[in-house]
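Okay, structure22.txt now, which holds compact mmCIF, N, CA and C atoms:
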# COMPACT_ATOMS: atom_id res chain seq x y z
N MET B 16 20.94 9.09 -39.97
CA MET B 16 20.95 9.98 -38.82
C MET B 16 22.41 10.14 -38.36
N SER B 17 22.79 11.37 -38.14
CA SER B 17 24.15 11.63 -37.68
C SER B 17 24.23 11.52 -36.16
N VAL B 18 25.43 11.38 -35.65
CA VAL B 18 25.64 11.33 -34.21
C VAL B 18 25.17 12.63 -33.57
N ALA B 19 25.47 13.73 -34.18
CA ALA B 19 25.09 15.04 -33.65
C ALA B 19 23.57 15.16 -33.53
N SER B 20 22.84 14.71 -34.55
CA SER B 20 21.38 14.82 -34.47
C SER B 20 20.79 13.83 -33.47
N ALA B 21 21.43 12.67 -33.30
CA ALA B 21 20.94 11.68 -32.34
C ALA B 21 21.04 12.18 -30.91
N PHE B 22 22.06 12.97 -30.60
CA PHE B 22 22.28 13.46 -29.25
C PHE B 22 21.88 14.92 -29.06
N SER B 23 21.27 15.53 -30.04
CA SER B 23 20.98 16.96 -29.99
C SER B 23 20.03 17.35 -28.85
N GLY B 24 19.10 16.51 -28.48
CA GLY B 24 18.14 16.84 -27.43
C GLY B 24 18.59 16.50 -26.02
N MET B 25 19.74 15.86 -25.90
CA MET B 25 20.20 15.43 -24.59
C MET B 25 20.89 16.56 -23.85
N THR B 26 20.73 16.57 -22.57
CA THR B 26 21.43 17.53 -21.73
C THR B 26 22.55 16.82 -20.99
N ARG B 27 23.48 17.58 -20.49
CA ARG B 27 24.61 17.00 -19.77
C ARG B 27 24.14 16.41 -18.44
N ALA B 28 24.56 15.22 -18.13
CA ALA B 28 24.18 14.56 -16.88
C ALA B 28 24.95 15.18 -15.72
N ARG B 29 24.28 15.32 -14.60
CA ARG B 29 24.95 15.82 -13.39
C ARG B 29 25.79 14.70 -12.81
N PRO B 30 26.93 15.04 -12.21
CA PRO B 30 27.76 14.00 -11.60
C PRO B 30 27.04 13.35 -10.42
N VAL B 31 27.31 12.08 -10.22
CA VAL B 31 26.70 11.33 -9.12
C VAL B 31 27.44 11.68 -7.83
N VAL B 32 26.67 11.98 -6.78
CA VAL B 32 27.24 12.20 -5.46
C VAL B 32 26.53 11.30 -4.46
N PHE B 33 27.23 10.94 -3.42
CA PHE B 33 26.69 10.07 -2.38
C PHE B 33 26.79 10.79 -1.04
N ARG B 34 25.75 10.68 -0.22
CA ARG B 34 25.77 11.24 1.13
C ARG B 34 26.38 10.23 2.08
N VAL B 35 27.36 10.68 2.84
CA VAL B 35 28.04 9.82 3.81
C VAL B 35 28.24 10.58 5.11
N ALA B 36 28.54 9.83 6.15
CA ALA B 36 28.83 10.43 7.45
C ALA B 36 30.11 9.81 8.00
N CYS B 37 30.88 10.62 8.68
CA CYS B 37 32.11 10.15 9.32
C CYS B 37 31.79 9.72 10.75
N PRO B 38 32.15 8.50 11.13
CA PRO B 38 31.89 8.05 12.49
C PRO B 38 32.76 8.74 13.54
N ASP B 39 33.88 9.33 13.13
CA ASP B 39 34.77 9.99 14.08
C ASP B 39 34.34 11.42 14.40
N CYS B 40 34.22 12.25 13.37
CA CYS B 40 33.88 13.67 13.61
C CYS B 40 32.38 13.93 13.48
N ARG B 41 31.62 12.93 13.08
CA ARG B 41 30.16 13.02 12.93
C ARG B 41 29.71 13.98 11.84
N GLY B 42 30.65 14.34 10.97
CA GLY B 42 30.31 15.23 9.86
C GLY B 42 29.55 14.49 8.78
N GLY B 43 28.64 15.17 8.11
CA GLY B 43 27.90 14.61 6.99
C GLY B 43 28.34 15.32 5.72
N PHE B 44 28.55 14.56 4.64
CA PHE B 44 29.12 15.12 3.42
C PHE B 44 28.49 14.49 2.20
N GLU B 45 28.63 15.17 1.08
CA GLU B 45 28.32 14.61 -0.23
C GLU B 45 29.66 14.45 -0.95
N LEU B 46 29.93 13.23 -1.37
CA LEU B 46 31.19 12.95 -2.06
C LEU B 46 30.93 12.37 -3.44
N ALA B 47 31.78 12.70 -4.38
CA ALA B 47 31.69 12.17 -5.74
C ALA B 47 32.14 10.71 -5.76
N ALA B 48 31.77 10.00 -6.80
CA ALA B 48 32.11 8.59 -6.95
C ALA B 48 33.62 8.36 -6.88
N ALA B 49 34.41 9.31 -7.37
CA ALA B 49 35.86 9.16 -7.38
C ALA B 49 36.47 9.13 -5.98
N ALA B 50 35.72 9.57 -4.97
CA ALA B 50 36.23 9.60 -3.59
C ALA B 50 36.08 8.25 -2.89
N PHE B 51 35.44 7.29 -3.53
CA PHE B 51 35.15 5.99 -2.91
C PHE B 51 35.97 4.87 -3.54
N ARG B 52 36.12 3.81 -2.77
CA ARG B 52 36.62 2.53 -3.26
C ARG B 52 35.66 1.47 -2.74
N LEU B 53 35.34 0.53 -3.59
CA LEU B 53 34.45 -0.56 -3.23
C LEU B 53 35.20 -1.87 -3.40
N ALA B 54 35.23 -2.68 -2.36
CA ALA B 54 35.87 -4.01 -2.41
C ALA B 54 34.78 -5.05 -2.25
N ILE B 55 34.69 -5.95 -3.21
CA ILE B 55 33.68 -7.00 -3.18
C ILE B 55 34.37 -8.32 -2.88
N GLY B 56 34.08 -8.85 -1.70
CA GLY B 56 34.69 -10.10 -1.26
C GLY B 56 33.77 -11.29 -1.46
N ALA B 57 34.21 -12.43 -0.98
CA ALA B 57 33.45 -13.67 -1.12
C ALA B 57 32.24 -13.72 -0.19
N THR B 58 32.27 -12.93 0.89
CA THR B 58 31.16 -12.93 1.85
C THR B 58 30.77 -11.49 2.17
N HIS B 59 29.67 -11.34 2.89
CA HIS B 59 29.25 -10.00 3.29
C HIS B 59 30.25 -9.35 4.25
N ARG B 60 31.01 -10.16 4.94
CA ARG B 60 32.02 -9.62 5.87
C ARG B 60 33.24 -9.04 5.16
N THR B 61 33.47 -9.49 3.94
CA THR B 61 34.63 -8.99 3.19
C THR B 61 34.23 -8.06 2.05
N THR B 62 33.00 -7.58 2.07
CA THR B 62 32.53 -6.61 1.08
C THR B 62 32.31 -5.28 1.79
N PHE B 63 33.02 -4.25 1.34
CA PHE B 63 32.96 -2.97 2.03
C PHE B 63 33.27 -1.83 1.06
N TYR B 64 32.95 -0.62 1.49
CA TYR B 64 33.38 0.57 0.76
C TYR B 64 34.17 1.45 1.70
N SER B 65 35.01 2.29 1.13
CA SER B 65 35.84 3.15 1.95
C SER B 65 35.97 4.52 1.31
N PHE B 66 36.28 5.50 2.15
CA PHE B 66 36.52 6.86 1.72
C PHE B 66 37.31 7.56 2.81
N THR B 67 37.87 8.70 2.49
CA THR B 67 38.58 9.51 3.47
C THR B 67 37.70 10.70 3.81
N CYS B 68 37.48 10.92 5.10
CA CYS B 68 36.64 12.03 5.55
C CYS B 68 37.31 13.35 5.13
N PRO B 69 36.57 14.21 4.42
CA PRO B 69 37.16 15.48 3.99
C PRO B 69 37.34 16.47 5.14
N GLU B 70 36.67 16.24 6.25
CA GLU B 70 36.75 17.15 7.39
C GLU B 70 37.94 16.83 8.31
N CYS B 71 38.03 15.56 8.72
CA CYS B 71 39.07 15.20 9.71
C CYS B 71 40.17 14.31 9.15
N GLY B 72 40.02 13.82 7.92
CA GLY B 72 41.06 13.01 7.29
C GLY B 72 41.07 11.55 7.69
N THR B 73 40.08 11.10 8.46
CA THR B 73 40.00 9.71 8.88
C THR B 73 39.68 8.80 7.70
N ALA B 74 40.36 7.66 7.62
CA ALA B 74 40.03 6.64 6.63
C ALA B 74 38.82 5.87 7.17
N VAL B 75 37.72 5.92 6.45
CA VAL B 75 36.47 5.29 6.89
C VAL B 75 36.22 4.05 6.04
N ARG B 76 35.86 2.96 6.71
CA ARG B 76 35.53 1.71 6.04
C ARG B 76 34.19 1.24 6.59
N LYS B 77 33.24 0.99 5.69
CA LYS B 77 31.90 0.56 6.10
C LYS B 77 31.47 -0.66 5.30
N PRO B 78 30.68 -1.55 5.92
CA PRO B 78 30.21 -2.73 5.19
C PRO B 78 29.27 -2.32 4.07
N ALA B 79 29.25 -3.12 3.01
CA ALA B 79 28.38 -2.83 1.87
C ALA B 79 27.54 -4.05 1.55
N GLY B 80 26.25 -3.93 1.79
CA GLY B 80 25.31 -4.97 1.42
C GLY B 80 25.01 -4.90 -0.07
N GLU B 81 24.13 -5.78 -0.52
CA GLU B 81 23.83 -5.87 -1.95
C GLU B 81 23.31 -4.55 -2.52
N ARG B 82 22.44 -3.86 -1.80
CA ARG B 82 21.88 -2.60 -2.30
C ARG B 82 22.95 -1.51 -2.40
N ILE B 83 23.82 -1.43 -1.42
CA ILE B 83 24.90 -0.44 -1.45
C ILE B 83 25.84 -0.73 -2.61
N VAL B 84 26.19 -2.01 -2.82
CA VAL B 84 27.04 -2.39 -3.94
C VAL B 84 26.40 -1.96 -5.26
N GLU B 85 25.11 -2.21 -5.39
CA GLU B 85 24.38 -1.85 -6.60
C GLU B 85 24.41 -0.33 -6.84
N LEU B 86 24.17 0.45 -5.79
CA LEU B 86 24.17 1.90 -5.91
C LEU B 86 25.56 2.44 -6.25
N LEU B 87 26.58 1.95 -5.57
CA LEU B 87 27.93 2.44 -5.80
C LEU B 87 28.45 2.07 -7.18
N THR B 88 28.24 0.83 -7.61
CA THR B 88 28.71 0.44 -8.94
C THR B 88 27.93 1.19 -10.01
N GLY B 89 26.64 1.37 -9.81
CA GLY B 89 25.83 2.12 -10.77
C GLY B 89 26.23 3.58 -10.85
N GLY B 90 26.79 4.10 -9.76
CA GLY B 90 27.23 5.49 -9.73
C GLY B 90 28.66 5.70 -10.18
N GLY B 91 29.33 4.64 -10.59
CA GLY B 91 30.67 4.78 -11.14
C GLY B 91 31.82 4.64 -10.16
N VAL B 92 31.57 4.09 -8.98
CA VAL B 92 32.63 3.90 -8.00
C VAL B 92 33.56 2.77 -8.47
N ARG B 93 34.86 3.02 -8.35
CA ARG B 93 35.84 1.99 -8.73
C ARG B 93 35.71 0.79 -7.82
N THR B 94 35.79 -0.40 -8.43
CA THR B 94 35.54 -1.64 -7.70
C THR B 94 36.72 -2.59 -7.81
N LEU B 95 37.02 -3.21 -6.69
CA LEU B 95 38.05 -4.24 -6.62
C LEU B 95 37.36 -5.54 -6.21
N ARG B 96 37.48 -6.56 -7.03
CA ARG B 96 36.89 -7.85 -6.68
C ARG B 96 37.94 -8.69 -5.96
N LEU B 97 37.60 -9.11 -4.74
CA LEU B 97 38.54 -9.87 -3.92
C LEU B 97 38.42 -11.37 -4.10
N HIS B 98 37.51 -11.80 -4.94
CA HIS B 98 37.34 -13.22 -5.21
C HIS B 98 37.05 -13.40 -6.69
N PRO B 99 37.36 -14.58 -7.24
CA PRO B 99 37.10 -14.80 -8.66
C PRO B 99 35.62 -14.93 -8.93
N THR B 100 35.17 -14.42 -10.08
CA THR B 100 33.78 -14.57 -10.47
C THR B 100 33.64 -15.82 -11.32
N VAL B 101 32.48 -16.43 -11.25
CA VAL B 101 32.25 -17.67 -11.99
C VAL B 101 31.44 -17.39 -13.21

Conversion result in structure tokens:
Amino acid sequence: MSVASAFSGMTRARPVVFRVACPDCRGGFELAAAAFRLAIGATHRTTFYSFTCPECGTAVRKPAGERIVELLTGGGVRTLRLHPTV
């Protein structure tokens, strides 16, 4: 089986977008994974995601629980680990 025949029935995947809201201007937006940064710290207090509001330019930082981390990493968001993994 060739690579071309193996992938012949597949369609192009749509890019992942996430719905977010800005706490300053109260705007709601859909942003691509490239617009986010995820920092995973040693505790829940040091684990967060951030983005820049496309409407007002505010740098937004929000806490990220386990489910949010799972969704963001699964969607291709760049991740920075702030603690060593074992």

Inset, instruction - Identify all residues of chain B in strand (DSSP E or B) (DSSP on the backbone) and supply them as a list in words. - result: Val32, Phe33, Arg34, Val35, Ala36, Gly43, Phe44, Glu45, Leu46, Ala47, Arg52, Leu53, Ala54, Ile55, Phe63, Tyr64, Ser65, Phe66, Thr67, Ala74, Val75, Arg76, Lys77, Pro78, Arg93, Thr94, Leu95 and Arg96 of chain B

Inset, instruction - Compile the contact shell of Pro69 of chain B as JSON, numbers by chain: residues with an atom at most 9 Å away, counting only C-alpha atoms, same-chain residues fewer than 3 positions apart removed. - result: {"B": [44, 46, 66, 72, 73]}

Inset, instruction - Extract, using all atoms listed in the file, all DNA, RNA and protein residues at most 8 Å from Gly56 of chain B, discarding same-chain residues fewer than 3 positions from it, and format them as a list of chain:residue names. - result: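 The filter keeps B:Leu53, B:His59, B:Arg60, B:Thr61, B:Thr62, B:Phe63, B:Leu95, B:Arg96, B:Leu97, B:His98, B:Pro99.
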
Legend entry - Separation of atom C of Arg76 of chain B from atom CA of Ile55 of chain B, in Å and rounded to one decimal: 12.8 Å
